[in-house]
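Peer 1: My file is upload.cif. It has mmCIF, C-alpha atoms:
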data_coords
loop_
_atom_site.label_atom_id
_atom_site.label_comp_id
_atom_site.auth_asym_id
_atom_site.auth_seq_id
_atom_site.Cartn_x
_atom_site.Cartn_y
_atom_site.Cartn_z
CA MET G 547 33.75 -4.83 51.13
CA ASN G 548 31.42 -4.10 48.25
CA SER G 549 32.64 -5.03 44.79
CA ARG G 550 31.48 -3.39 41.61
CA SER G 551 30.01 -5.60 38.92
CA VAL G 552 31.01 -5.46 35.27
CA THR G 553 27.94 -3.38 34.51
CA ASP G 554 29.05 -0.78 37.07
CA ARG G 555 32.31 -0.08 35.31
CA PRO G 556 32.57 3.42 33.84
CA GLU G 557 32.63 3.63 30.10
CA THR G 558 36.07 4.14 28.63
CA THR G 559 37.03 6.04 25.53
CA PRO G 560 40.05 5.86 23.22
CA ALA G 561 41.36 9.09 24.77
CA THR G 562 41.56 7.54 28.26
CA THR G 563 42.59 4.00 27.40
CA GLY G 564 44.97 4.57 24.52
CA GLN G 565 43.15 1.88 22.56
CA PRO G 566 42.24 2.28 18.88
CA GLY G 567 39.16 4.33 18.13
CA PRO G 568 35.70 2.93 17.47
CA GLN G 569 35.37 0.83 14.37
CA LYS G 570 32.88 1.81 11.71
CA GLN G 571 31.02 -1.48 12.01
CA GLN G 572 30.55 -0.99 15.75
CA SER G 573 29.68 2.67 16.20
CA GLY G 574 28.71 3.89 12.76
CA ASP G 575 30.33 6.25 10.31
CA ALA G 576 29.42 9.41 12.23
CA ALA G 577 31.09 8.15 15.41
CA TYR G 578 34.18 7.15 13.47
CA LEU G 579 34.39 10.57 11.81
CA ASN G 580 34.09 12.31 15.18
CA TRP G 581 36.81 10.13 16.66
CA LEU G 582 39.02 10.67 13.60
CA LYS G 583 38.66 14.44 13.89
CA GLU G 584 39.46 14.46 17.61
CA ASP G 585 42.39 12.08 17.23
CA TYR G 586 44.04 13.92 14.35
CA THR G 587 43.39 17.31 15.97
CA GLY G 588 45.13 16.11 19.12
CA LEU G 589 48.10 14.83 17.13
CA ILE G 590 48.43 18.09 15.21
CA ASN G 591 48.23 20.17 18.38
CA ALA G 592 51.02 18.07 19.92
CA LEU G 593 53.43 18.65 17.03
CA ALA G 594 56.29 21.12 17.38
CA LEU G 595 54.89 23.41 14.69
CA SER G 596 54.05 27.09 14.55
CA ASP G 597 50.42 28.05 15.14
CA LEU G 598 50.13 29.04 11.49
CA HIS G 599 51.31 25.65 10.25
CA LYS G 600 49.00 23.84 12.67
CA HIS G 601 46.10 25.92 11.40
CA MET G 602 47.03 25.15 7.79
CA LEU G 603 47.28 21.44 8.57
CA LYS G 604 43.76 21.46 9.98
CA SER G 605 42.30 23.66 7.25
CA ARG G 606 43.80 21.73 4.35
CA TRP G 607 44.95 18.19 5.14
CA LEU G 608 42.53 17.36 7.97
CA ASP G 609 39.60 19.07 6.26
CA GLN G 610 40.15 17.02 3.10
CA VAL G 611 40.57 13.78 5.05
CA LEU G 612 37.28 14.28 6.89
CA TRP G 613 35.41 15.44 3.79
CA MET G 614 36.57 12.53 1.64
CA GLU G 615 35.97 10.04 4.43
CA GLY G 616 32.38 11.25 4.62
CA ARG G 617 31.94 11.18 0.84
CA ALA G 618 33.41 7.68 0.63
CA ASN G 619 30.95 6.45 3.25
CA ARG G 620 27.93 8.05 1.57
CA THR G 621 28.76 6.86 -1.94
CA ARG G 622 29.48 3.36 -0.59
CA ASP G 623 26.05 3.27 1.06
CA TRP G 624 24.29 4.37 -2.12
CA TYR G 625 26.26 1.87 -4.18
CA TYR G 626 25.31 -0.99 -1.85
CA ARG G 627 21.64 0.03 -1.76
CA LEU G 628 21.31 0.25 -5.53
CA ARG G 629 23.32 -2.89 -6.26
CA LEU G 630 21.42 -4.95 -3.69
CA THR G 631 18.13 -3.68 -5.11
CA THR G 632 19.22 -4.78 -8.56
CA ILE G 633 20.50 -8.18 -7.42
CA ILE G 634 17.62 -9.10 -5.13
CA GLY G 635 15.02 -7.77 -7.55
CA GLY G 636 16.58 -9.71 -10.41
CA ILE G 637 16.28 -12.90 -8.36
CA LEU G 638 12.68 -12.26 -7.30
CA ILE G 639 11.25 -11.38 -10.73
CA PRO G 640 11.47 -14.84 -12.37
CA ILE G 641 10.17 -16.44 -9.17
CA LEU G 642 7.16 -14.13 -9.11
CA VAL G 643 6.48 -14.57 -12.82
CA THR G 644 6.52 -18.35 -12.43
CA LEU G 645 4.29 -18.13 -9.38
CA SER G 646 1.77 -15.92 -11.18
CA GLN G 647 1.52 -18.45 -14.01
CA THR G 648 1.32 -21.61 -11.94
CA ALA G 649 -0.81 -20.35 -9.06
CA ALA G 650 -3.10 -18.17 -11.18
CA LEU G 651 -2.57 -15.12 -8.99
CA PRO G 652 -2.89 -11.98 -11.17
CA TRP G 653 -1.69 -9.63 -8.44
CA VAL G 654 1.68 -11.41 -8.36
CA ALA G 655 2.28 -10.30 -11.95
CA TRP G 656 1.72 -6.69 -10.91
CA VAL G 657 4.23 -7.11 -8.09
CA ALA G 658 6.74 -8.56 -10.54
CA THR G 659 6.18 -5.61 -12.88
CA PHE G 660 6.71 -3.14 -10.04
CA ILE G 661 9.92 -4.86 -8.93
CA GLY G 662 11.12 -4.93 -12.53
CA ALA G 663 10.63 -1.18 -12.81
CA LEU G 664 12.41 -0.68 -9.48
CA VAL G 665 15.37 -2.77 -10.66
CA ALA G 666 15.58 -0.80 -13.91
CA ILE G 667 15.52 2.51 -12.03
CA ALA G 668 18.18 1.37 -9.55
CA ALA G 669 20.45 0.15 -12.35
CA ALA G 670 20.01 3.38 -14.34
CA VAL G 671 20.69 5.60 -11.32
CA GLU G 672 23.82 3.65 -10.39
CA GLU G 673 25.09 3.74 -13.96
CA PHE G 674 24.50 7.49 -14.25
CA PHE G 675 25.97 8.57 -10.92
CA ARG G 676 28.64 5.83 -10.89
CA TYR G 677 28.52 5.44 -7.12
CA GLY G 678 30.84 2.45 -7.21
CA GLU G 679 33.52 4.40 -9.06
CA ARG G 680 33.07 7.40 -6.77
CA TRP G 681 33.31 5.26 -3.65
CA ARG G 682 36.54 3.60 -4.77
CA HIS G 683 37.96 6.96 -5.86
CA TYR G 684 37.23 8.72 -2.56
CA ARG G 685 38.41 5.74 -0.53
CA ASN G 686 41.70 5.55 -2.43
CA THR G 687 42.37 9.27 -2.03
CA VAL G 688 41.50 9.50 1.66
CA GLU G 689 43.63 6.47 2.52
CA THR G 690 46.53 7.98 0.56
CA LEU G 691 46.15 11.21 2.55
CA LYS G 692 46.06 9.27 5.83
CA ILE G 693 49.21 7.35 4.94
CA GLU G 694 50.97 10.59 4.02
CA GLY G 695 49.85 12.12 7.30
CA TRP G 696 51.22 9.24 9.35
CA TYR G 697 54.52 9.42 7.49
CA PHE G 698 54.69 13.07 8.49
CA PHE G 699 53.62 12.53 12.11
CA GLN G 700 56.23 9.81 12.60
CA LEU G 701 58.92 11.48 10.45
CA SER G 702 59.25 8.25 8.49
CA GLY G 703 59.22 7.33 4.81
CA PRO G 704 59.84 10.46 2.71
CA TYR G 705 60.33 12.52 5.91
CA SER G 706 62.87 10.29 7.64
CA ARG G 707 65.76 12.63 6.82
CA TYR G 708 64.19 15.52 8.75
CA ASN G 709 64.85 16.06 12.44
CA THR G 710 61.74 18.10 13.22
CA HIS G 711 58.22 18.45 11.89
CA GLU G 712 58.85 22.12 11.19
CA GLN G 713 61.64 21.17 8.81
CA ALA G 714 59.46 18.55 7.11
CA TYR G 715 56.36 20.72 6.85
CA GLU G 716 57.15 22.32 3.50
CA ARG G 717 57.66 18.98 1.80
CA PHE G 718 54.55 17.56 3.42
CA GLY G 719 52.46 20.46 2.16
CA GLY G 720 53.79 19.99 -1.35
CA ARG G 721 53.08 16.26 -1.37
CA VAL G 722 49.55 16.78 -0.05
CA GLU G 723 48.82 19.31 -2.79
CA ALA G 724 50.16 16.86 -5.39
CA ILE G 725 47.81 14.16 -4.06
CA LEU G 726 44.83 16.52 -4.20
CA GLN G 727 45.73 17.71 -7.70
CA GLN G 728 45.91 14.10 -8.88
CA ASP G 729 42.58 13.47 -7.17
CA VAL G 730 40.89 16.26 -9.12
CA GLN G 731 42.36 15.13 -12.43
CA THR G 732 41.34 11.52 -11.87
CA TYR G 733 37.84 12.51 -10.81
CA ILE G 734 37.27 14.66 -13.89
CA THR G 735 38.87 12.38 -16.47
CA LYS G 736 37.82 8.94 -15.19
CA VAL G 737 35.04 9.10 -12.60
CA VAL G 738 32.54 11.55 -14.12
CA VAL G 739 33.70 11.51 -17.73
CA GLU G 740 30.83 9.28 -18.89
CA GLU G 741 28.15 11.52 -17.42
CA GLU G 742 28.65 14.25 -20.01
CA PRO G 743 27.46 12.27 -23.07
CA LEU G 744 24.30 11.35 -21.18
CA LYS G 745 23.61 15.00 -20.44
CA GLY G 746 24.26 15.88 -24.06
CA GLU G 747 21.81 13.26 -25.24
CA GLN G 748 19.13 14.70 -22.97
CA GLU G 749 19.72 18.22 -24.26
CA ASN G 750 19.72 17.09 -27.92
CA PRO G 751 17.07 14.39 -28.31
#
Just dump the structure as C-alpha cells.
Peer 2:
Amino acid sequence: MNSRSVTDRPETTPATTGQPGPQKQQSGDAAYLNWLKEDYTGLINALALSDLHKHMLKSRWLDQVLWMEGRANRTRDWYYRLRLTTIIGGILIPILVTLSQTAALPWVAWVATFIGALVAIAAAVEEFFRYGERWRHYRNTVETLKIEGWYFFQLSGPYSRYNTHEQAYERFGGRVEAILQQDVQTYITKVVVEEEPLKGEQENP
C-alpha cells in the first residue's frame, strides 16, 4: 500500500480546518485582510437577520473594520520605515564622521552628509504626517469595532439580555455609530491638529 508523504498532503485553509486564520507575520497584511473579510462575511451571512440588516452590517461595520485595518497597517509600515531610518542613520553619522577624519577618506564625509540629510527628511516627514499617532489611532478604533462585533455575534456583554440578533441589531448599530463618531472627533482634535499650524506657516512666511 502506497503512503503519502507530508509533502503530498493537500493544503488546508481556515475554512476547512476550523483553525484560526493566517497571522499577519506569516502571510502578510493582504492575506490577513482577505481572510478577515471572508470570515466576517460568513459570520454575518449565518446570523438570523433580515437581508437588509445583513447588507447594512457589511456596508457599515465590516467596511469600516477592513478600511481601518488597512490604514493601520499602512501607517504602521511608514512609521517603522521613517523611525528606523532616523535611528540607524543617527548611529551611522558619528561613525562615518570619525572614519573620515581618522582614515583621511573624503568620500566618507559626503556619505555622512547624505545620510544626515536623509535622517532630517525622515524625521520631518514623520513629524508632519504623525504616522505613529495615526497608526495607534486606527489600531485602537479597529480593535474596538472588532470587540463590539464579537459581543454582537455571541450575544454577550452589552447584548447578553437579547435572545436574538435581530433584537440586538438596533443597539449594535447605535453603538457602532458612537464608536465611529468618537473616532472622527479624536482624529480631528488630537491626531491631525498639529498639522494646521505648519500649513499656516507655509502659507504666511
Peer 1: Go through G:His601, G:Arg682, G:Ile725, G:Ala658 and flag the residue nearest Thr644 (chain G), using all atoms listed in the file for the distances.
Peer 2: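 For Thr644 (chain G), the nearest of the given residues is G:Ala658.
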Peer 1: What's around Tyr677 (chain G) at 8 Å? Count all atoms listed in the file, leave out sequence neighbours fewer than 6 positions away in its own chain, and write the answer as a ChimeraX atom specification.
Peer 2: /G:621-622,624-625
Peer 1: Write to file, as an mmCIF file, in the coordinates of the input, the residues of the selection just made, with C-alpha atoms.
Peer 2:
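Saved result, again-v6.cif, follows:
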data_model
loop_
_atom_site.group_PDB
_atom_site.id
_atom_site.type_symbol
_atom_site.label_atom_id
_atom_site.label_comp_id
_atom_site.auth_asym_id
_atom_site.auth_seq_id
_atom_site.Cartn_x
_atom_site.Cartn_y
_atom_site.Cartn_z
ATOM 1 C CA THR G 621 28.760 6.860 -1.940
ATOM 2 C CA ARG G 622 29.480 3.360 -0.590
ATOM 3 C CA TRP G 624 24.290 4.370 -2.120
ATOM 4 C CA TYR G 625 26.260 1.870 -4.180
#
Peer 1: Which residue gives the smallest distance to Gln610 (chain G) among G:Leu595, G:Val722, G:Ala663, G:Ala668, with all atoms listed in the file counted?
Peer 2: G:Val722
Peer 1: Taking the file as shown, what set of residues would the PyMOL selection byres ((chain G and resi 642) around 12) give back, as a list in words?
Peer 2: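 With the shown file as input, the PyMOL selection byres ((chain G and resi 642) around 12) matches Gly635, Gly636, Ile637, Leu638, Ile639, Pro640, Ile641, Val643, Thr644, Leu645, Ser646, Gln647, Thr648, Ala649, Ala650, Leu651, Pro652, Trp653, Val654, Ala655, Trp656, Val657, Ala658, Thr659, Phe660, Ile661 and Gly662 of chain G.
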Peer 1: What is the CA of Gln731 (chain G)-CA of Glu689 (chain G) distance in Å, reported with one decimal?
Peer 2: 17.3 Å
Peer 1: Can you give me, as a PyMOL selection string, the residues this file yields under the PyMOL selection byres ((chain G and resi 691) around 8)?
Peer 2: chain G and resi 607+611+687-690+692-695+722+725
Peer 1: Which one is closest to Thr587 (chain G): G:Leu608, G:Arg629, G:His599, G:Phe698? Count all atoms listed in the file.
Peer 2: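 Nearest candidate to Thr587 (chain G) out of G:Leu608, G:Arg629, G:His599, G:Phe698: G:Leu608.
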Peer 1: Which value, in Å to one decimal, gives the distance between CA of Arg707 (chain G) and CA of Leu598 (chain G)?
Peer 2: 23.1 Å
Peer 1: Residue by residue, what does the PyMOL selection byres ((chain G and resi 710) around 10) grab here? Present the result as a PyMOL selection string.
Peer 2: chain G and resi 593-595+698-701+705-709+711-715
Peer 1: The selected residues should be written to file as a PDB file, keeping the file's coordinate frame (atoms: C-alpha atoms).
Peer 2:
ATOM      1  CA  LEU G 593      53.430  18.650  17.030  1.00  0.00           C
ATOM      2  CA  ALA G 594      56.290  21.120  17.380  1.00  0.00           C
ATOM      3  CA  LEU G 595      54.890  23.410  14.690  1.00  0.00           C
ATOM      4  CA  PHE G 698      54.690  13.070   8.490  1.00  0.00           C
ATOM      5  CA  PHE G 699      53.620  12.530  12.110  1.00  0.00           C
ATOM      6  CA  GLN G 700      56.230   9.810  12.600  1.00  0.00           C
ATOM      7  CA  LEU G 701      58.920  11.480  10.450  1.00  0.00           C
ATOM      8  CA  TYR G 705      60.330  12.520   5.910  1.00  0.00           C
ATOM      9  CA  SER G 706      62.870  10.290   7.640  1.00  0.00           C
ATOM     10  CA  ARG G 707      65.760  12.630   6.820  1.00  0.00           C
ATOM     11  CA  TYR G 708      64.190  15.520   8.750  1.00  0.00           C
ATOM     12  CA  ASN G 709      64.850  16.060  12.440  1.00  0.00           C
ATOM     13  CA  HIS G 711      58.220  18.450  11.890  1.00  0.00           C
ATOM     14  CA  GLU G 712      58.850  22.120  11.190  1.00  0.00           C
ATOM     15  CA  GLN G 713      61.640  21.170   8.810  1.00  0.00           C
ATOM     16  CA  ALA G 714      59.460  18.550   7.110  1.00  0.00           C
ATOM     17  CA  TYR G 715      56.360  20.720   6.850  1.00  0.00           C
TER      18      TYR G 715
END
Peer 1: Residues near Glu679 (chain G), anyone? I mean within 12 Å using only C-alpha atoms, not counting same-chain ones fewer than 2 positions away, as a ChimeraX atom specification.
Peer 2: /G:618,621-622,624-625,672-677,681-686,732-734,736-740
Peer 1: Please produce a file of the residues just selected, as an mmCIF file, in the frame of the given file, where the atoms kept are C-alpha atoms.
Peer 2:
data_model
loop_
_atom_site.group_PDB
_atom_site.id
_atom_site.type_symbol
_atom_site.label_atom_id
_atom_site.label_comp_id
_atom_site.auth_asym_id
_atom_site.auth_seq_id
_atom_site.Cartn_x
_atom_site.Cartn_y
_atom_site.Cartn_z
ATOM 1 C CA ALA G 618 33.410 7.680 0.630
ATOM 2 C CA THR G 621 28.760 6.860 -1.940
ATOM 3 C CA ARG G 622 29.480 3.360 -0.590
ATOM 4 C CA TRP G 624 24.290 4.370 -2.120
ATOM 5 C CA TYR G 625 26.260 1.870 -4.180
ATOM 6 C CA GLU G 672 23.820 3.650 -10.390
ATOM 7 C CA GLU G 673 25.090 3.740 -13.960
ATOM 8 C CA PHE G 674 24.500 7.490 -14.250
ATOM 9 C CA PHE G 675 25.970 8.570 -10.920
ATOM 10 C CA ARG G 676 28.640 5.830 -10.890
ATOM 11 C CA TYR G 677 28.520 5.440 -7.120
ATOM 12 C CA TRP G 681 33.310 5.260 -3.650
ATOM 13 C CA ARG G 682 36.540 3.600 -4.770
ATOM 14 C CA HIS G 683 37.960 6.960 -5.860
ATOM 15 C CA TYR G 684 37.230 8.720 -2.560
ATOM 16 C CA ARG G 685 38.410 5.740 -0.530
ATOM 17 C CA ASN G 686 41.700 5.550 -2.430
ATOM 18 C CA THR G 732 41.340 11.520 -11.870
ATOM 19 C CA TYR G 733 37.840 12.510 -10.810
ATOM 20 C CA ILE G 734 37.270 14.660 -13.890
ATOM 21 C CA LYS G 736 37.820 8.940 -15.190
ATOM 22 C CA VAL G 737 35.040 9.100 -12.600
ATOM 23 C CA VAL G 738 32.540 11.550 -14.120
ATOM 24 C CA VAL G 739 33.700 11.510 -17.730
ATOM 25 C CA GLU G 740 30.830 9.280 -18.890
#
Peer 1: Between CA of Ile634 (chain G) and CA of Arg620 (chain G), what is the distance in Å, rounded to a tenth?
Peer 2: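 These two atoms are separated by 21.1 Å.
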Peer 1: List as an NGL selection string: which residues have an atom within 8 Å of (32.7, 9.5, 9.6), counting only C-alpha atoms?
Peer 2: :G and (570 or 574-580 or 582 or 612 or 615-616 or 619)
Peer 1: Would you please work out which residue, of G:Arg606, G:Arg617, G:Val671, G:Asp597, is nearest to Gly720 (chain G) when using all atoms listed in the file?
Peer 2: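 Among G:Arg606, G:Arg617, G:Val671, G:Asp597, it is G:Arg606 that comes nearest to Gly720 (chain G).
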Peer 1: So which one's closest to Thr632 (chain G), G:Gly678, G:Leu603, G:Asp609, G:Val665? Using all atoms listed in the file, please.
Peer 2: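 Looking at the shortest contact to Thr632 (chain G), the residue is G:Val665.
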Peer 1: Using all atoms listed in the file for the distances, tell me which of G:Leu628, G:Lys600, G:Thr735, G:Asn591 is nearest to Ala666 (chain G).
Peer 2: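 Residue with the minimum atom-to-atom distance to Ala666 (chain G): G:Leu628.
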Peer 1: Can you fill out region 678-694 of chain G with N, CA and C atoms and hand it back as a compact mmCIF listing (two decimals), in the frame of the given file?
Peer 2:
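Output saved as result_24.txt:
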# COMPACT_ATOMS: atom_id res chain seq x y z
N GLY G 678 29.75 3.37 -7.48
CA GLY G 678 30.84 2.45 -7.21
C GLY G 678 32.19 3.07 -7.53
N GLU G 679 32.28 3.74 -8.68
CA GLU G 679 33.52 4.40 -9.06
C GLU G 679 33.85 5.53 -8.09
N ARG G 680 32.84 6.29 -7.70
CA ARG G 680 33.07 7.40 -6.77
C ARG G 680 33.56 6.89 -5.41
N TRP G 681 32.92 5.83 -4.94
CA TRP G 681 33.31 5.26 -3.65
C TRP G 681 34.78 4.82 -3.67
N ARG G 682 35.16 4.06 -4.69
CA ARG G 682 36.54 3.60 -4.77
C ARG G 682 37.51 4.76 -4.93
N HIS G 683 37.09 5.79 -5.67
CA HIS G 683 37.96 6.96 -5.86
C HIS G 683 38.18 7.70 -4.55
N TYR G 684 37.10 8.01 -3.84
CA TYR G 684 37.23 8.72 -2.56
C TYR G 684 38.00 7.89 -1.54
N ARG G 685 37.72 6.59 -1.50
CA ARG G 685 38.41 5.74 -0.53
C ARG G 685 39.90 5.70 -0.81
N ASN G 686 40.28 5.58 -2.07
CA ASN G 686 41.70 5.55 -2.43
C ASN G 686 42.39 6.85 -2.04
N THR G 687 41.75 7.98 -2.33
CA THR G 687 42.37 9.27 -2.03
C THR G 687 42.50 9.51 -0.54
N VAL G 688 41.45 9.22 0.22
CA VAL G 688 41.50 9.50 1.66
C VAL G 688 42.52 8.60 2.34
N GLU G 689 42.64 7.35 1.91
CA GLU G 689 43.63 6.47 2.52
C GLU G 689 45.05 6.92 2.16
N THR G 690 45.22 7.44 0.94
CA THR G 690 46.53 7.98 0.56
C THR G 690 46.89 9.18 1.43
N LEU G 691 45.91 10.05 1.69
CA LEU G 691 46.15 11.21 2.55
C LEU G 691 46.48 10.78 3.98
N LYS G 692 45.78 9.76 4.47
CA LYS G 692 46.06 9.27 5.83
C LYS G 692 47.48 8.71 5.93
N ILE G 693 47.86 7.92 4.94
CA ILE G 693 49.21 7.35 4.94
C ILE G 693 50.26 8.46 4.93
N GLU G 694 50.03 9.47 4.09
CA GLU G 694 50.97 10.59 4.02
C GLU G 694 51.04 11.31 5.36
